[in-house]
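One file, target30.tsv, carrying TSV, C-alpha atoms:
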chain	number	residue	atom	x	y	z
A	9	MET	CA	-21.74	-10.26	-12.59
A	10	PRO	CA	-21.27	-8.11	-9.45
A	11	GLN	CA	-22.09	-4.44	-9.87
A	12	SER	CA	-19.02	-2.24	-10.13
A	13	PRO	CA	-18.43	0.12	-7.19
A	14	PRO	CA	-19.01	3.83	-7.69
A	15	PRO	CA	-16.00	5.65	-9.21
A	16	GLY	CA	-13.12	6.04	-6.77
A	17	HIS	CA	-14.39	3.47	-4.32
A	18	ARG	CA	-12.03	0.62	-3.63
A	19	ALA	CA	-14.30	-2.20	-2.49
A	20	ARG	CA	-12.81	-5.64	-2.14
A	21	GLU	CA	-14.69	-8.34	-0.32
A	22	ALA	CA	-13.32	-11.62	0.97
A	23	ALA	CA	-14.26	-14.54	-1.23
A	24	HIS	CA	-15.69	-16.38	1.76
A	25	LYS	CA	-18.62	-14.84	3.64
A	26	ASP	CA	-18.39	-17.23	6.59
A	27	PRO	CA	-16.80	-15.12	9.36
A	28	ALA	CA	-14.84	-18.17	10.49
A	29	SER	CA	-13.21	-18.59	7.09
A	30	LEU	CA	-9.83	-17.19	6.17
A	31	ASP	CA	-9.64	-14.13	3.94
A	32	PRO	CA	-7.85	-15.28	0.76
A	33	ARG	CA	-6.46	-11.78	0.31
A	34	ARG	CA	-4.22	-12.34	3.33
A	35	ASN	CA	-3.95	-16.12	3.47
A	36	ALA	CA	-2.17	-18.13	0.81
A	37	VAL	CA	-4.75	-20.81	0.14
A	38	ARG	CA	-6.06	-22.43	-3.04
A	39	ALA	CA	-7.84	-25.73	-3.54
A	40	ASP	CA	-4.63	-27.30	-4.84
A	41	LEU	CA	-2.02	-25.51	-2.74
A	42	ALA	CA	-1.70	-23.65	0.55
A	43	ASP	CA	0.85	-22.13	2.89
A	44	GLY	CA	2.30	-24.77	5.17
A	45	ALA	CA	1.45	-22.55	8.15
A	46	LEU	CA	-2.24	-23.15	7.36
A	47	ARG	CA	-2.02	-26.91	7.65
A	48	GLY	CA	-4.92	-28.07	9.81
A	49	LYS	CA	-6.81	-24.81	9.25
A	50	VAL	CA	-7.78	-25.24	5.60
A	51	ASP	CA	-8.20	-28.04	3.09
A	52	ALA	CA	-5.76	-28.20	0.19
A	53	GLU	CA	-4.23	-30.91	-1.96
A	54	ARG	CA	-0.75	-30.00	-0.73
A	55	PHE	CA	1.01	-27.58	1.58
A	56	VAL	CA	4.37	-25.89	1.03
A	57	GLU	CA	6.65	-23.67	3.07
A	58	GLY	CA	7.18	-20.28	1.46
A	59	GLN	CA	10.61	-19.34	0.15
A	60	GLN	CA	11.74	-15.79	0.92
A	61	ARG	CA	12.44	-13.53	-2.04
A	62	GLN	CA	12.94	-9.78	-2.55
A	63	VAL	CA	11.43	-7.36	-5.04
A	64	ILE	CA	14.07	-5.89	-7.36
A	65	GLN	CA	11.85	-3.76	-9.60
A	66	ALA	CA	10.76	-0.22	-8.78
A	67	ALA	CA	7.15	-1.35	-8.32
A	68	VAL	CA	5.57	-4.60	-9.41
A	69	PRO	CA	1.83	-5.26	-9.83
A	70	LEU	CA	0.30	-7.99	-7.67
A	71	ARG	CA	-2.70	-9.64	-9.32
A	72	SER	CA	-5.38	-12.12	-8.30
A	73	ARG	CA	-4.49	-14.44	-11.18
A	74	PRO	CA	-1.42	-15.00	-13.38
A	75	ASP	CA	-2.58	-12.88	-16.27
A	76	LEU	CA	-1.32	-9.48	-17.41
A	77	LYS	CA	-4.92	-8.55	-18.17
A	78	ALA	CA	-6.05	-9.29	-14.61
A	79	PRO	CA	-6.90	-6.24	-12.47
A	80	LEU	CA	-4.15	-4.71	-10.38
A	81	ASP	CA	-4.86	-5.64	-6.75
A	82	THR	CA	-1.89	-3.79	-5.26
A	83	GLU	CA	1.77	-3.04	-5.89
A	84	LEU	CA	4.93	-4.21	-4.14
A	85	LEU	CA	7.82	-1.77	-3.92
A	86	PHE	CA	11.55	-2.20	-4.43
A	87	GLY	CA	13.11	-4.06	-1.50
A	88	GLU	CA	9.89	-5.56	-0.14
A	89	LEU	CA	10.02	-9.19	0.95
A	90	VAL	CA	7.65	-11.94	-0.10
A	91	SER	CA	7.15	-15.64	0.52
A	92	VAL	CA	6.93	-17.61	-2.72
A	93	PHE	CA	4.74	-20.72	-2.69
A	94	GLU	CA	4.80	-21.58	-6.37
A	95	THR	CA	6.52	-20.42	-9.57
A	96	ARG	CA	5.11	-21.61	-12.87
A	97	ASP	CA	4.96	-20.29	-16.43
A	98	GLY	CA	6.85	-17.13	-15.47
A	99	TRP	CA	4.58	-16.22	-12.53
A	100	SER	CA	5.14	-16.53	-8.81
A	101	TRP	CA	2.31	-16.95	-6.31
A	102	VAL	CA	3.41	-14.97	-3.27
A	103	GLN	CA	2.46	-13.38	0.01
A	104	ALA	CA	3.89	-9.98	0.92
A	105	LYS	CA	5.65	-9.86	4.27
A	106	ARG	CA	4.66	-6.26	5.04
A	107	ASP	CA	0.87	-6.46	4.76
A	108	HIS	CA	0.37	-10.19	4.01
A	109	TYR	CA	-1.39	-9.57	0.70
A	110	VAL	CA	-1.48	-12.61	-1.58
A	111	GLY	CA	-1.32	-12.69	-5.37
A	112	TYR	CA	0.64	-13.34	-8.53
A	113	LEU	CA	3.55	-11.35	-9.89
A	114	PRO	CA	6.11	-11.89	-12.68
A	115	ALA	CA	8.86	-14.16	-11.38
A	116	PRO	CA	11.70	-11.99	-12.83
A	117	ALA	CA	10.64	-9.20	-10.43
A	118	LEU	CA	12.09	-11.21	-7.56
A	119	SER	CA	15.60	-12.02	-6.41
A	120	THR	CA	16.73	-15.08	-4.47
A	121	SER	CA	19.45	-12.90	-2.92
A	122	VAL	CA	17.79	-11.18	0.03
A	123	LEU	CA	19.39	-8.15	1.68
A	124	GLU	CA	18.34	-6.67	5.01
A	125	ALA	CA	17.06	-3.14	4.52
A	126	THR	CA	18.96	-0.39	6.30
A	127	HIS	CA	17.11	2.59	4.83
A	128	ARG	CA	13.85	3.51	3.13
A	129	VAL	CA	12.96	6.21	0.63
A	130	ARG	CA	11.46	9.14	2.52
A	131	ALA	CA	11.03	11.54	-0.41
A	132	LEU	CA	7.90	11.18	-2.49
A	133	GLY	CA	10.17	9.79	-5.19
A	134	THR	CA	13.81	9.56	-6.11
A	135	PHE	CA	16.12	7.89	-8.61
A	136	MET	CA	18.73	5.17	-8.43
A	137	TYR	CA	21.81	6.14	-10.45
A	138	PRO	CA	24.66	3.97	-11.79
A	139	ALA	CA	27.17	6.50	-10.41
A	140	ALA	CA	27.28	9.23	-7.80
A	141	ASP	CA	26.39	11.80	-10.45
A	142	PHE	CA	22.89	13.17	-11.05
A	143	LYS	CA	23.78	13.78	-14.72
A	144	THR	CA	24.03	10.06	-15.44
A	145	PRO	CA	20.86	8.39	-16.80
A	146	PRO	CA	19.08	6.81	-13.81
A	147	LEU	CA	18.63	3.07	-13.47
A	148	MET	CA	15.12	3.32	-12.07
A	149	HIS	CA	12.65	5.51	-10.22
A	150	LEU	CA	11.98	4.65	-6.57
A	151	SER	CA	8.82	5.73	-4.78
A	152	ILE	CA	8.36	6.58	-1.11
A	153	GLY	CA	8.46	3.46	1.03
A	154	ALA	CA	10.96	1.55	-1.13
A	155	GLU	CA	13.48	-0.27	1.06
A	156	LEU	CA	17.23	-0.15	0.46
A	157	ALA	CA	20.39	-1.87	1.67
A	158	VAL	CA	22.95	0.93	1.94
A	159	ALA	CA	26.67	0.13	2.02
A	160	ASP	CA	28.02	3.67	2.44
A	161	GLU	CA	26.06	6.78	3.37
A	162	GLY	CA	27.72	9.85	1.88
A	163	GLU	CA	27.00	13.53	2.21
A	164	THR	CA	25.38	13.78	-1.22
A	165	PHE	CA	24.96	10.21	-2.49
A	166	SER	CA	24.66	6.87	-0.73
A	167	ARG	CA	25.98	3.68	-2.32
A	168	LEU	CA	23.79	0.58	-2.28
A	169	VAL	CA	25.14	-2.86	-1.40
A	170	LYS	CA	24.35	-4.27	-4.85
A	171	GLY	CA	25.48	-1.17	-6.70
A	172	GLY	CA	23.69	2.00	-7.61
A	173	TYR	CA	23.48	5.33	-5.84
A	174	VAL	CA	20.63	7.31	-4.31
A	175	VAL	CA	20.46	10.89	-3.07
A	176	THR	CA	21.19	10.78	0.65
A	177	ARG	CA	18.70	13.47	1.61
A	178	HIS	CA	15.94	11.39	-0.04
A	179	ILE	CA	16.38	8.41	2.29
A	180	ALA	CA	16.15	7.76	6.03
A	181	ALA	CA	17.32	5.00	8.36
A	182	ILE	CA	14.86	2.13	8.43
A	183	ASP	CA	13.89	2.96	12.05
A	184	LYS	CA	13.34	6.70	11.44
A	185	PHE	CA	9.78	7.74	10.62
A	186	GLN	CA	7.77	10.80	9.64
A	187	ARG	CA	5.98	12.51	12.54
A	188	ASP	CA	2.83	13.48	10.64
A	189	PHE	CA	1.29	10.95	8.25
A	190	VAL	CA	-1.21	13.55	7.03
A	191	GLU	CA	1.65	15.69	5.74
A	192	VAL	CA	2.86	12.66	3.80
A	193	ALA	CA	-0.61	12.18	2.28
A	194	GLU	CA	-0.74	15.87	1.32
A	195	ARG	CA	2.49	15.46	-0.64
A	196	PHE	CA	0.61	13.11	-2.97
A	197	ILE	CA	-1.88	15.82	-4.03
A	198	GLY	CA	-2.10	15.76	-7.82
A	199	THR	CA	-0.92	12.16	-8.12
A	200	PRO	CA	-3.07	10.30	-10.67
A	201	TYR	CA	-5.68	7.90	-9.35
A	202	LEU	CA	-4.78	4.27	-10.04
A	203	TRP	CA	-6.81	1.34	-8.78
A	204	GLY	CA	-4.36	-0.80	-6.81
A	205	GLY	CA	-1.57	1.81	-6.99
A	206	ARG	CA	0.83	2.57	-4.14
A	207	THR	CA	3.31	5.04	-5.70
A	208	ARG	CA	3.64	8.67	-6.74
A	209	LEU	CA	2.95	7.51	-10.29
A	210	GLY	CA	-0.53	6.33	-9.32
A	211	ILE	CA	-2.36	5.52	-6.10
A	212	ASP	CA	-5.82	4.65	-4.79
A	213	CYS	CA	-7.64	5.67	-1.62
A	214	SER	CA	-6.54	2.87	0.68
A	215	GLY	CA	-3.06	2.84	-0.86
A	216	LEU	CA	-2.70	6.50	0.12
A	217	VAL	CA	-3.71	5.69	3.70
A	218	GLN	CA	-1.41	2.69	3.89
A	219	ILE	CA	1.70	4.37	2.47
A	220	SER	CA	1.19	7.51	4.56
A	221	LEU	CA	0.77	5.55	7.78
A	222	GLN	CA	3.70	3.25	7.04
A	223	SER	CA	5.88	6.34	6.51
A	224	ALA	CA	4.99	7.31	10.07
A	225	GLY	CA	5.81	3.86	11.42
A	226	ILE	CA	2.20	2.72	11.72
A	227	SER	CA	1.38	-0.66	10.21
A	228	ALA	CA	-1.71	-0.59	8.04
A	229	PRO	CA	-3.56	-3.25	6.04
A	230	ARG	CA	-4.09	-2.75	2.33
A	231	ASP	CA	-7.82	-2.43	1.63
A	232	SER	CA	-10.34	0.03	3.00
A	233	ASP	CA	-12.54	-2.62	4.65
A	234	MET	CA	-9.48	-3.94	6.50
A	235	GLN	CA	-8.48	-0.42	7.52
A	236	ARG	CA	-11.97	0.32	8.79
A	237	ALA	CA	-11.92	-2.85	10.89
A	238	GLU	CA	-8.36	-2.64	12.22
A	239	LEU	CA	-7.10	0.95	12.42
A	240	GLY	CA	-7.64	3.34	15.31
A	241	GLU	CA	-10.61	3.72	17.61
A	242	ALA	CA	-14.14	4.27	16.36
A	243	ILE	CA	-15.75	7.55	17.35
A	244	ALA	CA	-19.41	8.46	17.06
A	245	ILE	CA	-20.37	10.05	13.75
A	246	PRO	CA	-21.43	13.63	14.65
A	247	PRO	CA	-24.80	14.67	13.19
A	248	GLU	CA	-23.21	17.56	11.26
A	249	LEU	CA	-19.81	15.88	10.94
A	250	GLU	CA	-18.30	18.58	13.13
A	251	GLY	CA	-15.50	18.35	15.67
A	252	LEU	CA	-13.26	16.06	13.64
A	253	ALA	CA	-9.49	16.18	14.02
A	254	ARG	CA	-6.46	16.10	11.77
A	255	GLY	CA	-5.69	12.48	10.96
A	256	ASP	CA	-9.21	11.11	11.44
A	257	LEU	CA	-10.08	8.49	8.84
A	258	ILE	CA	-13.51	8.82	7.20
A	259	PHE	CA	-15.02	5.66	5.74
A	260	TRP	CA	-17.71	4.99	3.21
A	261	ASN	CA	-18.35	1.44	2.04
A	262	GLY	CA	-15.33	0.88	-0.20
A	263	HIS	CA	-13.72	4.29	0.24
A	264	VAL	CA	-11.55	6.09	2.78
A	265	ALA	CA	-10.32	9.67	3.21
A	266	ILE	CA	-8.01	11.46	5.65
A	267	MET	CA	-9.03	14.60	7.50
A	268	VAL	CA	-6.51	17.43	7.11
A	269	ASP	CA	-8.28	19.50	9.77
A	270	GLY	CA	-11.86	19.84	11.01
A	271	VAL	CA	-13.18	20.71	7.55
A	272	MET	CA	-10.80	19.64	4.78
A	273	LEU	CA	-9.93	16.10	3.72
A	274	VAL	CA	-7.46	14.52	1.33
A	275	HIS	CA	-8.15	11.37	-0.65
A	276	ALA	CA	-7.40	9.54	-3.88
A	277	ASN	CA	-10.60	9.32	-5.88
A	278	ALA	CA	-11.84	8.62	-9.39
A	279	HIS	CA	-14.09	11.70	-9.47
A	280	HIS	CA	-11.03	13.94	-9.74
A	281	MET	CA	-8.92	10.98	-11.00
A	282	SER	CA	-6.20	12.13	-8.63
A	283	VAL	CA	-5.31	12.71	-5.03
A	284	SER	CA	-7.25	15.85	-4.16
A	285	ILE	CA	-8.13	18.03	-1.23
A	286	GLU	CA	-11.67	19.29	-0.68
A	287	THR	CA	-14.11	20.04	2.10
A	288	LEU	CA	-15.80	17.21	3.94
A	289	PRO	CA	-19.29	18.54	3.09
A	290	GLU	CA	-18.40	18.62	-0.63
A	291	ALA	CA	-17.17	15.02	-0.57
A	292	VAL	CA	-20.10	13.77	1.51
A	293	GLU	CA	-22.66	15.42	-0.75
A	294	ARG	CA	-21.09	14.12	-3.94
A	295	ILE	CA	-20.58	10.57	-2.69
A	296	ALA	CA	-24.13	10.51	-1.28
A	297	LYS	CA	-25.37	10.88	-4.86
A	298	THR	CA	-23.89	7.43	-5.53
A	299	GLY	CA	-25.98	6.04	-2.67
A	300	LEU	CA	-23.23	5.90	-0.07
A	301	GLU	CA	-23.10	7.54	3.35
A	302	VAL	CA	-20.30	7.87	5.90
A	303	VAL	CA	-20.29	4.58	7.82
A	304	ALA	CA	-17.39	5.05	10.25
A	305	ILE	CA	-14.85	7.49	11.64
A	306	LYS	CA	-11.66	6.09	13.12
A	307	ARG	CA	-9.27	8.12	15.27
A	308	LEU	CA	-5.60	7.18	15.44
A	309	PRO	CA	-3.09	8.10	18.17
A	310	ALA	CA	-2.25	11.80	18.36
A	311	LEU	CA	0.05	12.91	15.56
A	312	GLY	CA	3.65	13.06	16.61
A	313	ALA	CA	2.94	11.16	19.84

Is it possible to give me this structure as structure tokens?
Amino acid sequence: MPQSPPPGHRAREAAHKDPASLDPRRNAVRADLADGALRGKVDAERFVEGQQRQVIQAAVPLRSRPDLKAPLDTELLFGELVSVFETRDGWSWVQAKRDHYVGYLPAPALSTSVLEATHRVRALGTFMYPAADFKTPPLMHLSIGAELAVADEGETFSRLVKGGYVVTRHIAAIDKFQRDFVEVAERFIGTPYLWGGRTRLGIDCSGLVQISLQSAGISAPRDSDMQRAELGEAIAIPPELEGLARGDLIFWNGHVAIMVDGVMLVHANAHHMSVSIETLPEAVERIAKTGLEVVAIKRLPALGA
């Protein structure tokens, strides 16, 4: 059995170690079934074209196997689109459109009626109400990043195409983004740590990076190894870890944090079991006791550029 990663470290490795192989986290491939787009690239008993569906629950767990006891790999938010390759025994095997993550989720969490999103939730969280009245019991909680199809945008409440109302000041047009993704990450301070989480109710280290960047209009993969490989430009690791800038991403094997300034960082971690802010030296010293050192620093485009 593989050794568990140190607390707070999200370490997922591709099932195939051959660099030429396809990462099953982002490619819908099994021995018996695969995405039709992979025909000729992988071996499978049959290939199917994915059918587009839309998430209609506030947040739905995506798992590596169709089992409620399986670990939570990630979460898909209300309004996100997926391609469904198989539905059986109440589970759908899907690939998320936004970050291409593959897994199983309960089939009732999806709708065959797909609406184009016009807005997204910009507040850390909000509620969907049955009427334009905040005193009515809400239908569901929506976390930052949830996507909505708005029929009418009012001064106080906006009406959704399929019914329900959201507070107008809590949403933004789908093409309007936050200027500072670090400020978004800081809003999550105090949020409980949840392996695989992507919402204000629970989030992990790479989920915090992904949601914060997406809020600023920057596409980001889901897991920390993907983020280390694909985000920003690598800069040399300073001997004393000095001279870092707001927005720099600090990587350990299986963990990632965001620099708030040259000294402080914010990250979701299982030491505090929450999103917390602390000094870089404090985090480095504590994590070093688990046998891990900083392995990379990635710098993204200037904030607000």

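The shortest atom-to-atom distance to Phe93 (chain A), with all atoms listed in the file taken into account, belongs to A:Gln59 out of A:Ser121, A:Ser72, A:Asn261, A:Gln59.
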
Atom pair CA of Gly262 (chain A) + CA of Gln186 (chain A), distance 27.0 Å

Env of Leu273 (chain A): 12 Å cut, atoms = all atoms listed in the file, seq-sep filter 3 positions within chain, self excluded. Answer as a ChimeraX atom specification.
/A:190-191,193-194,197,213,252-259,264-270,276-277,283-292

Separating CA of Val50 (chain A) from CA of Ser100 (chain A), to the nearest tenth of an Å, is a gap of 21.2 Å

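As for CA of Gly171 (chain A) and CA of Arg206 (chain A), they are spaced 25.1 Å apart.
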
Non-local contacts of Val63 (chain A) (7 Å; only C-alpha atoms; under 5 positions in same chain excluded) as an MDAnalysis selection string
chainID A and resid 85:89 117:119

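Of the residues listed (A:Ile295, A:Val110, A:Leu209, A:Leu84), A:Val110 shows the shortest atom-to-atom separation from Asp31 (chain A); distances use all atoms listed in the file.
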